[in-house]
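These notes concern the structure reproduced below.
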Amino acid sequence: MIYPSITEYIRSFRHPEDYFEDSKLQSLRPLPSPHNPSDPHFMTGRFGLIVRLENPESKQIYAAKAFLNYNAQREKRLAEIAKLLKELQSPYFIDFEYYADELWVSSELADDGEFPMLLMPWVQGETIGEYVYTKAKARDKQALSDLYDAFVELSDFLLSSDFAHGDLKHDNIIVGAGSQLTLIDYDGMYLPSLADAPSGELGGAAFQHPARKNHAYNGDIDDFPILVFLLSLKALSHSPELIDLVPKDDHLLLQSEDYKNVMDSPVIQAIWRIDNPQLQELFGLMISSLGQKHIKVIGLPVFVGRALQPSKQEFVALRQENRLLKAGIALQPTPTDFIETVNGVSFKMIYVEGGSFMMGYDPDRDGEYGNNDEKPLHQVTLEPFYVAETQVTQALWEAVMGENPSYFNGAKRPVEQVSWDDCQAFIQKLEELTGRKFRLPSEAQWEYAARGGLKSKGYQYAGSDDIDEVAWYNVNAYDVGKESADYGTHPVGQKQANELGIYDMSGNVWEWCEDDWHDSYEDAPTDGSAWVDNPRAKYRLLRGGSWIYNPDYCRVAYRFHYYPDSRINYFGCRLFALPVV
């Protein structure tokens, strides 16, 4: 279906009283163009024409958007988006009305007829691109710093929502008085209710991850643009002269070419030289994200949470409470770590916030070589859970079971020579003694925790790219024919913890998982649940490597399997639990 040209639309917008269908809109009048008073004041984009209209009585100014091409999904998309915005009542968005057959146009390109239109109040202010360029040229560090703080708050709002704007860029954000930010142009928004529809936009190239494609249409599509804005604004607030390195164009500071060869970019090299911890962390997130080849930026929500001004922390908490109350959800205390004691032996369970991550082998994150059973790389989204700070120790096993099957004796060493079946019996007895539900982890939970959850820095091993910092493995824990303190397992918690404060998820002993063995991730669950066959498979999963294996086996991505009744002196376990509801 062909739509009218810009010139044909302009002819109709000159006379709303004649060409608008809705009688309530016929009283609107076009504001004159500053360049040609005989024409309406209008702007054009890739997909639409925006005209400024005024209500002569109320003096309210509106933005009317007409579309330049046909989209079969438009009416459904805009109806869902309009419904969301009315429910949100957020200062970051402006309500709009969508009119399916509103503007009559006489067209030589298209048939004469009525075409759809979108109407919303006009937002006063400058686009963030214009504002940043002006302030940077004036070397106004304070204004840029204030804008960065405001954008951190906007980022927190977007990252904590189940929807996404979809086209964050330099001319889709308006800066008003007091650095108030308003988002405009909602054609590319993602909502869960629209997940089965194609993406409405792919966004401006200067703000999008190179891996952004039409099929990447989910709640993560704002991650990389948010990172681009935060990095650019933070850099300019310290060194506004960076604006002189780039032409004024369809970007803020970084351009799409900068993402192809990061360290060859003069702008990125200049940013790298700025001595600021937050900026260095943002730079690290960008390098990691570009290397991972997917659009989700692991660790971004954690950075934004820490970057919020202290005065805003309470505001954010209250905003979340209000969301829950509006949804009719009873407020629950924030989950925390807990310590459980059984027959005088205590162990700590660490709360892990739920989230999404890319599970499996990624060559830019997990080393040069990966096995076929570690593929394909796929996204998994998990609910919160608890994970034990350490592997189950011999002291805890004996306190629960009344015996110690381990080959390497030591109360603080991990229990070993325990089968998958033994672990299930241990957990059942532990539940009877504590009244709390425990379990072996699903494979996805294990990997998410080992990688550091939302705090992940993308390490190859659990907590570092240097295996000696975090693991007991065949080089530092095993010497053939040598019986000594350095031989075999070691007391838990002696090496460096990972990002979540968990010890020994690489090395020491293999850890049983709940899952059956499958030789690839094809058709694996994406919700973090255990992958269990009916009837159960011949083998069960183990993860993490051990004291007798080389570094490759201790990679977070590595997978291992064995018979569920096998007892070996490098097989152990770690407790997991779900939050009480």
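If you're wondering about the labels, chains in the structure tokens are A, B, ... by order shown, residues count from 1 in each chain, ligands from 1 in order shown.
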Point to revise | Shell around stretch 542-552 of chain A at 8 Å using only C-alpha atoms, local window under 3 positions removed, as a PyMOL selection string | key: chain A and resi 443+446+467+472-475+477-478+488-489+505-513+555-556+558-562+570
Counting only C-alpha atoms, what is within 6 Å of stretch 382-396 of chain A, bar same-chain residues fewer than 3 positions away, as a compact mmCIF listing (two decimals) with all heavy atoms, in the first residue's frame?
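Saved file out-v9.txt follows:
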# COMPACT_ATOMS: atom_id res chain seq x y z
N VAL A 345 27.04 -26.80 63.20
CA VAL A 345 27.80 -26.43 62.00
C VAL A 345 26.98 -25.42 61.18
O VAL A 345 25.84 -25.70 60.81
CB VAL A 345 28.13 -27.65 61.13
CG1 VAL A 345 28.87 -27.22 59.87
CG2 VAL A 345 28.95 -28.66 61.92
N LYS A 348 26.55 -20.45 55.06
CA LYS A 348 25.93 -19.22 54.58
C LYS A 348 25.33 -19.43 53.20
O LYS A 348 25.97 -20.01 52.32
CB LYS A 348 26.95 -18.09 54.54
CG LYS A 348 26.39 -16.74 54.09
CD LYS A 348 27.47 -15.66 54.12
CE LYS A 348 26.95 -14.30 53.71
NZ LYS A 348 28.01 -13.26 53.75
N MET A 349 24.11 -18.92 53.00
CA MET A 349 23.44 -18.93 51.70
C MET A 349 23.36 -17.50 51.18
O MET A 349 22.89 -16.61 51.89
CB MET A 349 22.05 -19.54 51.79
CG MET A 349 22.02 -20.98 52.27
SD MET A 349 22.76 -22.15 51.12
CE MET A 349 21.57 -22.12 49.76
N ILE A 350 23.84 -17.27 49.97
CA ILE A 350 23.90 -15.93 49.37
C ILE A 350 22.72 -15.73 48.43
O ILE A 350 22.44 -16.58 47.57
CB ILE A 350 25.23 -15.75 48.62
CG1 ILE A 350 26.39 -15.73 49.63
CG2 ILE A 350 25.22 -14.47 47.78
CD1 ILE A 350 27.76 -15.66 48.99
N TYR A 351 22.04 -14.60 48.59
CA TYR A 351 20.89 -14.27 47.72
C TYR A 351 21.40 -13.81 46.36
O TYR A 351 22.26 -12.92 46.27
CB TYR A 351 20.03 -13.18 48.35
CG TYR A 351 18.88 -12.74 47.48
CD1 TYR A 351 17.75 -13.55 47.33
CD2 TYR A 351 18.92 -11.53 46.79
CE1 TYR A 351 16.68 -13.16 46.53
CE2 TYR A 351 17.86 -11.13 45.99
CZ TYR A 351 16.74 -11.95 45.86
OH TYR A 351 15.70 -11.55 45.07
N VAL A 352 20.87 -14.39 45.30
CA VAL A 352 21.25 -14.05 43.93
C VAL A 352 20.04 -13.44 43.23
O VAL A 352 19.01 -14.10 43.07
CB VAL A 352 21.76 -15.28 43.15
CG1 VAL A 352 22.13 -14.88 41.72
CG2 VAL A 352 22.94 -15.92 43.86
N GLU A 353 20.17 -12.19 42.83
CA GLU A 353 19.08 -11.51 42.12
C GLU A 353 18.86 -12.16 40.76
O GLU A 353 19.81 -12.52 40.07
CB GLU A 353 19.43 -10.04 41.95
CG GLU A 353 18.33 -9.20 41.33
CD GLU A 353 18.71 -7.74 41.20
OE1 GLU A 353 19.80 -7.37 41.67
OE2 GLU A 353 17.91 -6.99 40.60
N GLY A 354 17.60 -12.34 40.40
CA GLY A 354 17.28 -12.92 39.10
C GLY A 354 17.67 -12.01 37.95
O GLY A 354 17.95 -10.82 38.13
N GLY A 355 17.70 -12.56 36.76
CA GLY A 355 18.05 -11.78 35.58
C GLY A 355 18.31 -12.67 34.39
O GLY A 355 18.06 -13.88 34.43
N ALA A 399 27.59 -33.54 60.09
CA ALA A 399 26.56 -33.05 61.01
C ALA A 399 25.18 -33.50 60.59
O ALA A 399 24.29 -33.71 61.43
CB ALA A 399 26.62 -31.52 61.09
N ALA A 411 37.78 -31.07 58.17
CA ALA A 411 36.43 -30.57 58.42
C ALA A 411 36.04 -29.45 57.46
O ALA A 411 34.88 -29.34 57.04
CB ALA A 411 36.32 -30.08 59.86
N LYS A 412 37.03 -28.61 57.08
CA LYS A 412 36.73 -27.47 56.21
C LYS A 412 36.99 -27.77 54.74
O LYS A 412 36.78 -26.91 53.88
CB LYS A 412 37.56 -26.26 56.64
CG LYS A 412 37.15 -25.71 58.00
CD LYS A 412 37.90 -24.43 58.33
CE LYS A 412 37.45 -23.87 59.68
NZ LYS A 412 38.16 -22.62 60.03
N ARG A 413 37.44 -29.00 54.44
CA ARG A 413 37.57 -29.39 53.04
C ARG A 413 36.19 -29.76 52.50
O ARG A 413 35.29 -30.15 53.25
CB ARG A 413 38.51 -30.58 52.92
CG ARG A 413 39.97 -30.26 53.20
CD ARG A 413 40.85 -31.42 52.79
NE ARG A 413 42.25 -31.16 53.06
CZ ARG A 413 43.26 -31.74 52.42
NH1 ARG A 413 43.00 -32.63 51.47
NH2 ARG A 413 44.51 -31.45 52.72
N PRO A 414 36.01 -29.67 51.18
CA PRO A 414 34.71 -30.08 50.62
C PRO A 414 34.53 -31.59 50.77
O PRO A 414 35.49 -32.35 50.66
CB PRO A 414 34.82 -29.67 49.15
CG PRO A 414 36.29 -29.66 48.86
CD PRO A 414 36.95 -29.21 50.14
N VAL A 415 33.31 -31.99 51.04
CA VAL A 415 33.01 -33.42 51.05
C VAL A 415 33.17 -33.95 49.62
O VAL A 415 32.87 -33.25 48.65
CB VAL A 415 31.59 -33.68 51.59
CG1 VAL A 415 30.52 -33.21 50.61
CG2 VAL A 415 31.38 -35.15 51.92
N ILE A 502 31.04 -15.83 46.11
CA ILE A 502 30.96 -17.29 46.18
C ILE A 502 32.34 -17.86 45.89
O ILE A 502 33.04 -17.41 44.97
CB ILE A 502 29.95 -17.83 45.15
CG1 ILE A 502 28.61 -17.10 45.28
CG2 ILE A 502 29.74 -19.33 45.34
CD1 ILE A 502 27.66 -17.39 44.13
N TYR A 503 32.71 -18.89 46.65
CA TYR A 503 34.05 -19.46 46.54
C TYR A 503 34.05 -20.80 45.80
O TYR A 503 33.08 -21.57 45.86
CB TYR A 503 34.63 -19.68 47.94
CG TYR A 503 34.87 -18.41 48.71
CD1 TYR A 503 33.88 -17.88 49.54
CD2 TYR A 503 36.09 -17.73 48.62
CE1 TYR A 503 34.10 -16.72 50.26
CE2 TYR A 503 36.31 -16.56 49.34
CZ TYR A 503 35.31 -16.06 50.15
OH TYR A 503 35.52 -14.90 50.85
N ASP A 527 14.25 -20.83 31.01
CA ASP A 527 13.73 -20.20 32.23
C ASP A 527 14.54 -20.56 33.47
O ASP A 527 14.14 -20.26 34.59
CB ASP A 527 12.26 -20.59 32.45
CG ASP A 527 12.07 -22.10 32.64
OD1 ASP A 527 13.06 -22.86 32.52
OD2 ASP A 527 10.92 -22.51 32.90
N GLY A 528 15.68 -21.22 33.28
CA GLY A 528 16.53 -21.55 34.41
C GLY A 528 16.18 -22.85 35.11
O GLY A 528 16.83 -23.22 36.09
N CYS A 573 29.43 -31.32 46.06
CA CYS A 573 28.15 -30.63 45.77
C CYS A 573 28.10 -29.28 46.45
O CYS A 573 28.92 -28.97 47.31
CB CYS A 573 26.97 -31.49 46.22
SG CYS A 573 26.91 -31.84 47.99
N ARG A 574 27.14 -28.50 46.02
CA ARG A 574 26.87 -27.18 46.59
C ARG A 574 25.36 -27.01 46.71
O ARG A 574 24.61 -27.41 45.81
CB ARG A 574 27.44 -26.08 45.68
CG ARG A 574 27.32 -24.67 46.26
CD ARG A 574 27.81 -23.63 45.26
NE ARG A 574 29.19 -23.83 44.89
CZ ARG A 574 30.23 -23.23 45.48
NH1 ARG A 574 30.02 -22.40 46.48
NH2 ARG A 574 31.46 -23.47 45.07
N LEU A 575 24.91 -26.41 47.80
CA LEU A 575 23.48 -26.25 48.05
C LEU A 575 22.92 -25.02 47.35
O LEU A 575 23.56 -23.97 47.30
CB LEU A 575 23.21 -26.14 49.55
CG LEU A 575 23.46 -27.40 50.37
CD1 LEU A 575 23.44 -27.07 51.86
CD2 LEU A 575 22.42 -28.47 50.04
N PHE A 576 21.70 -25.16 46.84
CA PHE A 576 20.92 -24.05 46.31
C PHE A 576 19.55 -24.07 47.01
O PHE A 576 19.15 -25.09 47.58
CB PHE A 576 20.73 -24.18 44.80
CG PHE A 576 21.90 -23.71 43.99
CD1 PHE A 576 23.15 -24.30 44.12
CD2 PHE A 576 21.77 -22.65 43.10
CE1 PHE A 576 24.24 -23.87 43.39
CE2 PHE A 576 22.86 -22.22 42.35
CZ PHE A 576 24.09 -22.82 42.50
N ALA A 577 18.85 -22.94 46.96
CA ALA A 577 17.51 -22.87 47.54
C ALA A 577 16.74 -21.77 46.83
O ALA A 577 17.33 -20.84 46.27
CB ALA A 577 17.57 -22.59 49.04
N LEU A 578 15.42 -21.87 46.87
CA LEU A 578 14.56 -20.82 46.31
C LEU A 578 14.06 -19.93 47.43
O LEU A 578 13.88 -20.39 48.57
CB LEU A 578 13.38 -21.45 45.57
CG LEU A 578 13.73 -22.29 44.35
CD1 LEU A 578 12.47 -22.89 43.75
CD2 LEU A 578 14.47 -21.48 43.31
N PRO A 579 13.82 -18.62 47.17
CA PRO A 579 13.27 -17.74 48.20
C PRO A 579 11.93 -18.25 48.71
O PRO A 579 11.14 -18.82 47.96
CB PRO A 579 13.12 -16.40 47.48
CG PRO A 579 14.06 -16.48 46.33
CD PRO A 579 14.08 -17.92 45.92
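All residues in stretch 382-566 of chain A with a DSSP state of strand (DSSP E or B), computed from the backbone, read Leu382, Phe385, Tyr386, Val387, Ala388, Thr393, Pro414, Arg439, Tyr461, Ser464, Trp510, Glu511, Trp512, Cys513, Glu514, Asp515, Asp516, Arg540, Leu541, Leu542, Arg543, Arg559, Phe560, His561 and Tyr562 of chain A.
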Save the residues we just selected, C-alpha atoms, as a PDB file, in the first residue's frame?
ATOM      1  CA  LEU A 382      16.078 -16.824  35.871  1.00  0.00           C
ATOM      2  CA  PHE A 385      17.547 -17.973  44.226  1.00  0.00           C
ATOM      3  CA  TYR A 386      20.043 -18.694  46.999  1.00  0.00           C
ATOM      4  CA  VAL A 387      23.432 -20.350  46.523  1.00  0.00           C
ATOM      5  CA  ALA A 388      25.795 -21.616  49.221  1.00  0.00           C
ATOM      6  CA  THR A 393      32.073 -29.218  53.716  1.00  0.00           C
ATOM      7  CA  PRO A 414      34.713 -30.078  50.617  1.00  0.00           C
ATOM      8  CA  ARG A 439      18.133 -28.602  46.264  1.00  0.00           C
ATOM      9  CA  TYR A 461      36.717 -18.825  35.310  1.00  0.00           C
ATOM     10  CA  SER A 464      38.793 -14.166  37.308  1.00  0.00           C
ATOM     11  CA  TRP A 510      33.116 -31.088  40.667  1.00  0.00           C
ATOM     12  CA  GLU A 511      29.589 -30.056  41.730  1.00  0.00           C
ATOM     13  CA  TRP A 512      26.553 -32.190  40.924  1.00  0.00           C
ATOM     14  CA  CYS A 513      23.606 -30.467  39.225  1.00  0.00           C
ATOM     15  CA  GLU A 514      19.970 -31.559  39.116  1.00  0.00           C
ATOM     16  CA  ASP A 515      19.917 -31.931  35.312  1.00  0.00           C
ATOM     17  CA  ASP A 516      20.253 -34.986  33.135  1.00  0.00           C
ATOM     18  CA  ARG A 540      23.774 -36.574  35.506  1.00  0.00           C
ATOM     19  CA  LEU A 541      25.498 -33.188  35.126  1.00  0.00           C
ATOM     20  CA  LEU A 542      28.578 -31.925  36.988  1.00  0.00           C
ATOM     21  CA  ARG A 543      30.110 -28.475  36.688  1.00  0.00           C
ATOM     22  CA  ARG A 559      30.262 -29.390  31.143  1.00  0.00           C
ATOM     23  CA  PHE A 560      30.884 -32.873  32.545  1.00  0.00           C
ATOM     24  CA  HIS A 561      28.731 -35.954  33.205  1.00  0.00           C
ATOM     25  CA  TYR A 562      28.846 -39.235  35.068  1.00  0.00           C
TER      26      TYR A 562
END
Check your understanding: Could you pull the residues within 12 Å of A:Gln269, counting only C-alpha atoms, minus those fewer than 5 positions along the same chain, as a PyMOL selection string?
Key -> chain A and resi 235+242+245+254+258+261-264+274+280+283
Review point. Which polymer residues have any atom within 12 Å of an atom of A:Asp465, counting only C-alpha atoms, with same-chain residues fewer than 2 positions away left out, as an MDAnalysis selection string?
Key: chainID A and resid 364:367 451 457:463 467:471 496 498 506 551:552 554:556
Selected residues, N, CA, C and O atoms, written as a short mmCIF file (atom, residue, chain, number, x, y, z; two decimals), in the first residue's frame, please.
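That gives us selection_33.cif:
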data_model
loop_
_atom_site.label_atom_id
_atom_site.label_comp_id
_atom_site.auth_asym_id
_atom_site.auth_seq_id
_atom_site.Cartn_x
_atom_site.Cartn_y
_atom_site.Cartn_z
N ASP A 364 34.68 -14.98 22.88
CA ASP A 364 35.24 -13.73 23.37
C ASP A 364 35.23 -13.65 24.89
O ASP A 364 35.75 -12.71 25.46
N ARG A 365 34.62 -14.64 25.53
CA ARG A 365 34.51 -14.62 26.98
C ARG A 365 35.12 -15.86 27.62
O ARG A 365 35.67 -15.80 28.71
N ASP A 366 35.06 -16.99 26.92
CA ASP A 366 35.36 -18.28 27.53
C ASP A 366 36.60 -18.96 26.99
O ASP A 366 36.78 -20.16 27.15
N GLY A 367 37.48 -18.21 26.35
CA GLY A 367 38.71 -18.80 25.85
C GLY A 367 38.63 -19.18 24.38
O GLY A 367 37.58 -19.11 23.74
N ARG A 451 29.10 -17.25 36.99
CA ARG A 451 29.50 -16.09 36.18
C ARG A 451 29.32 -14.77 36.93
O ARG A 451 29.72 -13.72 36.44
N LYS A 457 31.45 -9.90 35.29
CA LYS A 457 32.43 -9.16 34.51
C LYS A 457 32.93 -9.98 33.33
O LYS A 457 33.91 -9.61 32.68
N GLY A 458 32.25 -11.09 33.06
CA GLY A 458 32.56 -11.86 31.87
C GLY A 458 33.85 -12.65 31.94
O GLY A 458 34.53 -12.81 30.93
N TYR A 459 34.17 -13.18 33.12
CA TYR A 459 35.41 -13.92 33.28
C TYR A 459 35.31 -15.33 32.71
O TYR A 459 34.23 -15.93 32.64
N GLN A 460 36.46 -15.89 32.36
CA GLN A 460 36.53 -17.25 31.84
C GLN A 460 36.33 -18.27 32.96
O GLN A 460 35.68 -19.29 32.78
N TYR A 461 36.90 -17.98 34.13
CA TYR A 461 36.72 -18.83 35.31
C TYR A 461 35.78 -18.09 36.28
O TYR A 461 35.42 -16.94 36.04
N ALA A 462 35.39 -18.73 37.36
CA ALA A 462 34.42 -18.14 38.28
C ALA A 462 35.09 -17.09 39.15
O ALA A 462 35.55 -17.39 40.25
N GLY A 463 35.15 -15.86 38.67
CA GLY A 463 35.69 -14.75 39.44
C GLY A 463 36.96 -14.14 38.90
O GLY A 463 37.43 -13.12 39.42
N ILE A 467 43.28 -18.28 36.54
CA ILE A 467 42.75 -19.43 37.29
C ILE A 467 43.40 -19.59 38.66
O ILE A 467 42.76 -20.03 39.61
N ASP A 468 44.68 -19.20 38.82
CA ASP A 468 45.35 -19.36 40.11
C ASP A 468 44.74 -18.48 41.19
O ASP A 468 44.90 -18.76 42.37
N GLU A 469 44.03 -17.42 40.79
CA GLU A 469 43.39 -16.55 41.78
C GLU A 469 42.17 -17.20 42.41
O GLU A 469 41.82 -16.88 43.55
N VAL A 470 41.51 -18.11 41.67
CA VAL A 470 40.18 -18.56 42.12
C VAL A 470 40.03 -20.07 42.26
O VAL A 470 39.00 -20.52 42.76
N ALA A 471 41.00 -20.87 41.84
CA ALA A 471 40.76 -22.32 41.75
C ALA A 471 41.93 -23.15 42.24
O ALA A 471 43.10 -22.79 42.05
N GLN A 496 40.19 -16.59 45.95
CA GLN A 496 39.38 -15.37 45.76
C GLN A 496 37.95 -15.73 45.38
O GLN A 496 37.72 -16.63 44.57
N ASN A 498 34.11 -15.03 43.70
CA ASN A 498 33.68 -14.40 42.45
C ASN A 498 32.89 -13.13 42.74
O ASN A 498 32.83 -12.67 43.89
N SER A 506 35.08 -22.64 40.49
CA SER A 506 36.02 -23.28 39.57
C SER A 506 36.99 -24.08 40.44
O SER A 506 37.57 -23.55 41.39
N PRO A 551 43.19 -26.54 33.55
CA PRO A 551 42.38 -25.31 33.50
C PRO A 551 41.19 -25.36 32.56
O PRO A 551 40.15 -24.75 32.84
N ASP A 552 41.31 -26.06 31.42
CA ASP A 552 40.20 -26.08 30.47
C ASP A 552 38.94 -26.63 31.11
O ASP A 552 37.83 -26.14 30.86
N CYS A 554 38.11 -26.34 34.15
CA CYS A 554 37.65 -25.44 35.21
C CYS A 554 36.98 -24.18 34.66
O CYS A 554 36.55 -23.31 35.43
N ARG A 555 36.92 -24.05 33.33
CA ARG A 555 36.19 -22.92 32.73
C ARG A 555 34.72 -22.98 33.15
O ARG A 555 34.14 -24.06 33.28
N VAL A 556 34.10 -21.81 33.32
CA VAL A 556 32.69 -21.78 33.71
C VAL A 556 31.81 -22.47 32.67
O VAL A 556 30.81 -23.10 32.99
#
Review point. Can you list, as a ChimeraX atom specification, every residue of stretch 445-528 of chain A that DSSP puts in alpha helix (DSSP H)?
Key: /A:445-450,467-470,474-477
Study note, to complete from the structure: Pairwise distance, atom CA of A:Gln445 with atom CA of A:Ser193, equals 26.9 Å
Check your understanding: So how far away is atom CA of A:His170 from atom CA of A:Gln255, in Å?
Key -> 11.5 Å
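Checking A:Arg567, A:Lys455, A:Arg74, A:His294 one by one against A:Asp421, counting only C-alpha atoms, you find the shortest gap at A:Arg567.
Residue nearest A:Pro16 within the list A:Pro40, A:Gly178, A:Pro4, A:Gly501: A:Pro40 [criterion: smallest interatomic distance, only C-alpha atoms].
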